[in-house]
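The structure appears right after this line, and notes come after that.
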Amino acid sequence: DAKTTQPPSMDCAEGRAANLPCNHSTISGNEYVYWYRQIHSQGPQYIIHGLKNNETNEMASLIITEDRKSSTLILPHATLRDTAVYYCIVRPLGGGSNYKLTFGKGTLLTVNP
Amino acid sequence: KAGVTQTPRYLIKTRGQQVTLSCSPISGHRSVSWYQQTPGQGLQFLFEYFSETQRNKGNFPGRFSGRQFSNSRSEMNVSTLELGDSALYLCASSLTGAGTGELFFGEGSRLTVL
């Protein structure tokens, strides 16, 4: 599986956009980029995923570079409730029964009032 | 629709005891996967069940086991508990399997071993 690299922590002011980067330079052609987040003492929550095109949903936008070696998760108007650890992972969409999901350390995003 | 439900949410055991954790997936999801999360090791895959069959297993000792019932509910059991088994145990359900698509996680069961 491709490994990902994320900064350990970031700060963001409430109401501003939070841009969380992720490097995945060894990503394979059939691997998607997924983002999850984990608010303290809760289970991880799915945010968004994409292959090569930019994606947007009600929670966030995902920008993937043309060479697919990195991506950025954008929370357009961060709120205090967005304070969480954000995990970027790559995994094959149709990838079969041998896949073993592993999260790295992620980025602790702290949204300040 | 209802999310993934894990019980119990918190429990305390002593070394040598055994524990059983339960997970009820989202209705219609046939895949349930289990994970151990600790501050030092992060989130690690334990095993996945799909339609009552274990189809993938992580690198954990045989003390960790699981099963899935015909209604897709799953249990995991840890026998002969060790201090290092203290962790947040998460389960996730998926429509298509742990290797594909979205995973929906429960709130977790926090196990403390004394």
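Lettering and numbering for the structure tokens are positional, with chains as A, B, ... in the shown order, residues counted from 1 in each chain, and ligands counted from 1 in the shown order.
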
Exercise. As a ChimeraX atom specification, which residues of chain B does DSSP assign to strand (DSSP E)?
Worked result: /B:5-7,10-13,19-24,31-38,42-50,53-57,64-68,74-78,87-94,104-105,109-113

Problem set entry | Neighbours of chain B in chain A at 12 Å, counting only C-alpha atoms, as JSON, numbers by chain | {"A": [1, 30, 31, 32, 33, 34, 35, 36, 37, 38, 39, 40, 41, 42, 43, 44, 45, 46, 47, 48, 49, 50, 85, 87, 89, 90, 91, 92, 93, 94, 95, 96, 97, 98, 99, 100, 101, 102, 103, 104, 105, 106]}

Problem set entry | Shell around Ile63 (chain A) at 9 Å using only C-alpha atoms, local window under 6 positions removed, as a VMD selection string | chain A and resid 50 52 to 56 70 to 74

Please write the residues from the selection above to a file, keeping all heavy atoms, as a PDB file, in the first residue's frame.
```pdb
ATOM      1  N   GLY A  50     -11.337  10.477  -3.578  1.00  0.00           N
ATOM      2  CA  GLY A  50     -11.227  10.813  -4.994  1.00  0.00           C
ATOM      3  C   GLY A  50     -10.114  10.025  -5.647  1.00  0.00           C
ATOM      4  O   GLY A  50      -9.233   9.488  -4.976  1.00  0.00           O
ATOM      5  N   LYS A  52      -8.647  11.120  -9.232  1.00  0.00           N
ATOM      6  CA  LYS A  52      -7.756  12.103  -9.847  1.00  0.00           C
ATOM      7  C   LYS A  52      -8.426  13.447 -10.070  1.00  0.00           C
ATOM      8  O   LYS A  52      -7.749  14.452 -10.206  1.00  0.00           O
ATOM      9  CB  LYS A  52      -7.199  11.578 -11.155  1.00  0.00           C
ATOM     10  CG  LYS A  52      -8.234  11.151 -12.171  1.00  0.00           C
ATOM     11  CD  LYS A  52      -7.552  10.584 -13.398  1.00  0.00           C
ATOM     12  CE  LYS A  52      -8.576  10.101 -14.412  1.00  0.00           C
ATOM     13  NZ  LYS A  52      -7.923   9.534 -15.616  1.00  0.00           N
ATOM     14  N   ASN A  53      -9.746  13.460 -10.105  1.00  0.00           N
ATOM     15  CA  ASN A  53     -10.452  14.723 -10.256  1.00  0.00           C
ATOM     16  C   ASN A  53     -10.733  15.321  -8.894  1.00  0.00           C
ATOM     17  O   ASN A  53     -10.812  14.625  -7.892  1.00  0.00           O
ATOM     18  CB  ASN A  53     -11.759  14.501 -11.003  1.00  0.00           C
ATOM     19  CG  ASN A  53     -11.531  13.968 -12.405  1.00  0.00           C
ATOM     20  OD1 ASN A  53     -10.614  14.397 -13.086  1.00  0.00           O
ATOM     21  ND2 ASN A  53     -12.351  13.019 -12.812  1.00  0.00           N
ATOM     22  N   ASN A  54     -10.880  16.621  -8.861  1.00  0.00           N
ATOM     23  CA  ASN A  54     -11.252  17.275  -7.621  1.00  0.00           C
ATOM     24  C   ASN A  54     -12.668  16.876  -7.248  1.00  0.00           C
ATOM     25  O   ASN A  54     -13.526  16.691  -8.110  1.00  0.00           O
ATOM     26  CB  ASN A  54     -11.127  18.786  -7.770  1.00  0.00           C
ATOM     27  CG  ASN A  54      -9.705  19.211  -8.083  1.00  0.00           C
ATOM     28  OD1 ASN A  54      -8.761  18.483  -7.786  1.00  0.00           O
ATOM     29  ND2 ASN A  54      -9.562  20.371  -8.683  1.00  0.00           N
ATOM     30  N   GLU A  55     -12.900  16.729  -5.953  1.00  0.00           N
ATOM     31  CA  GLU A  55     -14.196  16.306  -5.470  1.00  0.00           C
ATOM     32  C   GLU A  55     -14.696  17.275  -4.408  1.00  0.00           C
ATOM     33  O   GLU A  55     -13.899  17.864  -3.667  1.00  0.00           O
ATOM     34  CB  GLU A  55     -14.123  14.899  -4.872  1.00  0.00           C
ATOM     35  CG  GLU A  55     -13.627  13.810  -5.798  1.00  0.00           C
ATOM     36  CD  GLU A  55     -14.629  13.435  -6.871  1.00  0.00           C
ATOM     37  OE1 GLU A  55     -15.823  13.777  -6.731  1.00  0.00           O
ATOM     38  OE2 GLU A  55     -14.215  12.779  -7.855  1.00  0.00           O
ATOM     39  N   THR A  56     -16.001  17.414  -4.339  1.00  0.00           N
ATOM     40  CA  THR A  56     -16.614  18.275  -3.323  1.00  0.00           C
ATOM     41  C   THR A  56     -17.865  17.599  -2.808  1.00  0.00           C
ATOM     42  O   THR A  56     -18.625  17.008  -3.576  1.00  0.00           O
ATOM     43  CB  THR A  56     -16.965  19.658  -3.903  1.00  0.00           C
ATOM     44  OG1 THR A  56     -15.747  20.314  -4.277  1.00  0.00           O
ATOM     45  CG2 THR A  56     -17.674  20.531  -2.869  1.00  0.00           C
ATOM     46  N   SER A  70       0.171  14.149  -4.444  1.00  0.00           N
ATOM     47  CA  SER A  70      -0.248  14.840  -3.229  1.00  0.00           C
ATOM     48  C   SER A  70      -1.682  15.317  -3.375  1.00  0.00           C
ATOM     49  O   SER A  70      -2.232  15.354  -4.481  1.00  0.00           O
ATOM     50  CB  SER A  70       0.675  16.023  -2.919  1.00  0.00           C
ATOM     51  OG  SER A  70       0.553  17.012  -3.916  1.00  0.00           O
ATOM     52  N   SER A  71      -2.269  15.645  -2.234  1.00  0.00           N
ATOM     53  CA  SER A  71      -3.644  16.136  -2.237  1.00  0.00           C
ATOM     54  C   SER A  71      -3.832  17.100  -1.078  1.00  0.00           C
ATOM     55  O   SER A  71      -3.000  17.157  -0.152  1.00  0.00           O
ATOM     56  CB  SER A  71      -4.644  14.983  -2.147  1.00  0.00           C
ATOM     57  OG  SER A  71      -4.469  14.240  -0.944  1.00  0.00           O
ATOM     58  N   THR A  72      -4.909  17.857  -1.136  1.00  0.00           N
ATOM     59  CA  THR A  72      -5.246  18.798  -0.075  1.00  0.00           C
ATOM     60  C   THR A  72      -6.724  18.669   0.254  1.00  0.00           C
ATOM     61  O   THR A  72      -7.569  18.698  -0.657  1.00  0.00           O
ATOM     62  CB  THR A  72      -4.948  20.250  -0.485  1.00  0.00           C
ATOM     63  OG1 THR A  72      -3.554  20.378  -0.793  1.00  0.00           O
ATOM     64  CG2 THR A  72      -5.313  21.221   0.631  1.00  0.00           C
ATOM     65  N   LEU A  73      -7.017  18.517   1.505  1.00  0.00           N
ATOM     66  CA  LEU A  73      -8.398  18.529   1.977  1.00  0.00           C
ATOM     67  C   LEU A  73      -8.710  19.953   2.415  1.00  0.00           C
ATOM     68  O   LEU A  73      -7.944  20.556   3.180  1.00  0.00           O
ATOM     69  CB  LEU A  73      -8.579  17.576   3.158  1.00  0.00           C
ATOM     70  CG  LEU A  73      -9.983  17.555   3.770  1.00  0.00           C
ATOM     71  CD1 LEU A  73     -10.934  16.801   2.849  1.00  0.00           C
ATOM     72  CD2 LEU A  73      -9.975  16.920   5.156  1.00  0.00           C
ATOM     73  N   ILE A  74      -9.814  20.479   1.938  1.00  0.00           N
ATOM     74  CA  ILE A  74     -10.188  21.846   2.277  1.00  0.00           C
ATOM     75  C   ILE A  74     -11.511  21.840   3.031  1.00  0.00           C
ATOM     76  O   ILE A  74     -12.523  21.333   2.521  1.00  0.00           O
ATOM     77  CB  ILE A  74     -10.309  22.722   1.012  1.00  0.00           C
ATOM     78  CG1 ILE A  74      -8.988  22.741   0.258  1.00  0.00           C
ATOM     79  CG2 ILE A  74     -10.748  24.142   1.384  1.00  0.00           C
ATOM     80  CD1 ILE A  74      -9.063  23.414  -1.098  1.00  0.00           C
TER      81      ILE A  74
END
```

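Near Ser74 (chain B), within 6 Å and counting only C-alpha atoms, sit Ser22, Cys23, Arg67 and Gln68 of chain B; same-chain residues fewer than 3 positions away were not included.
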
Kindly save the residues from that selection, with C-alpha atoms included, as a PDB file, in the first residue's frame.
```pdb
ATOM      1  CA  SER B  22     -20.144  -6.608  20.167  1.00  0.00           C
ATOM      2  CA  CYS B  23     -20.742  -4.704  16.963  1.00  0.00           C
ATOM      3  CA  ARG B  67     -17.184 -14.240  14.594  1.00  0.00           C
ATOM      4  CA  GLN B  68     -20.128 -12.968  12.640  1.00  0.00           C
TER       5      GLN B  68
END
```

Problem set entry | Residue nearest Thr83 (chain A) among A:Leu20, A:Thr110, A:Met10, A:Gly29 (counting only C-alpha atoms) | A:Thr110

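We find CA of Gly62 (chain B) and CA of Gln17 (chain B) to be spaced 15.0 Å apart.
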
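Going from CA of Tyr10 (chain B) over to CA of Phe64 (chain B), you cover 18.2 Å.
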
Write out as a tab-separated table (two decimals) with N, CA and C atoms, in the first residue's frame each polymer residue whose atoms come within 8 Å of Thr79 (chain A), counting only C-alpha atoms; drop sequence neighbours fewer than 4 positions from it.
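So the final result, stored in around34.tsv, reads:
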```tsv
chain	number	residue	atom	x	y	z
A	14	GLU	N	-11.34	30.07	13.44
A	14	GLU	CA	-12.74	29.77	13.17
A	14	GLU	C	-13.27	30.65	12.04
A	15	GLY	N	-13.99	30.03	11.10
A	15	GLY	CA	-14.55	30.77	9.98
A	15	GLY	C	-13.64	30.84	8.76
A	83	THR	N	-12.38	20.58	15.01
A	83	THR	CA	-11.14	20.18	15.69
A	83	THR	C	-11.13	18.67	15.83
A	111	VAL	N	-9.00	24.17	15.65
A	111	VAL	CA	-9.68	25.37	15.20
A	111	VAL	C	-9.84	26.30	16.40
```

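With distances restricted to only C-alpha atoms, B:Val32 is the closest residue to Met76 (chain B) from B:Val113, B:Val32, B:Leu11, B:Ala2.
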
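The gap separating CA of Cys88 (chain A) from CA of Leu75 (chain A) is 14.1 Å, in Å to one decimal.
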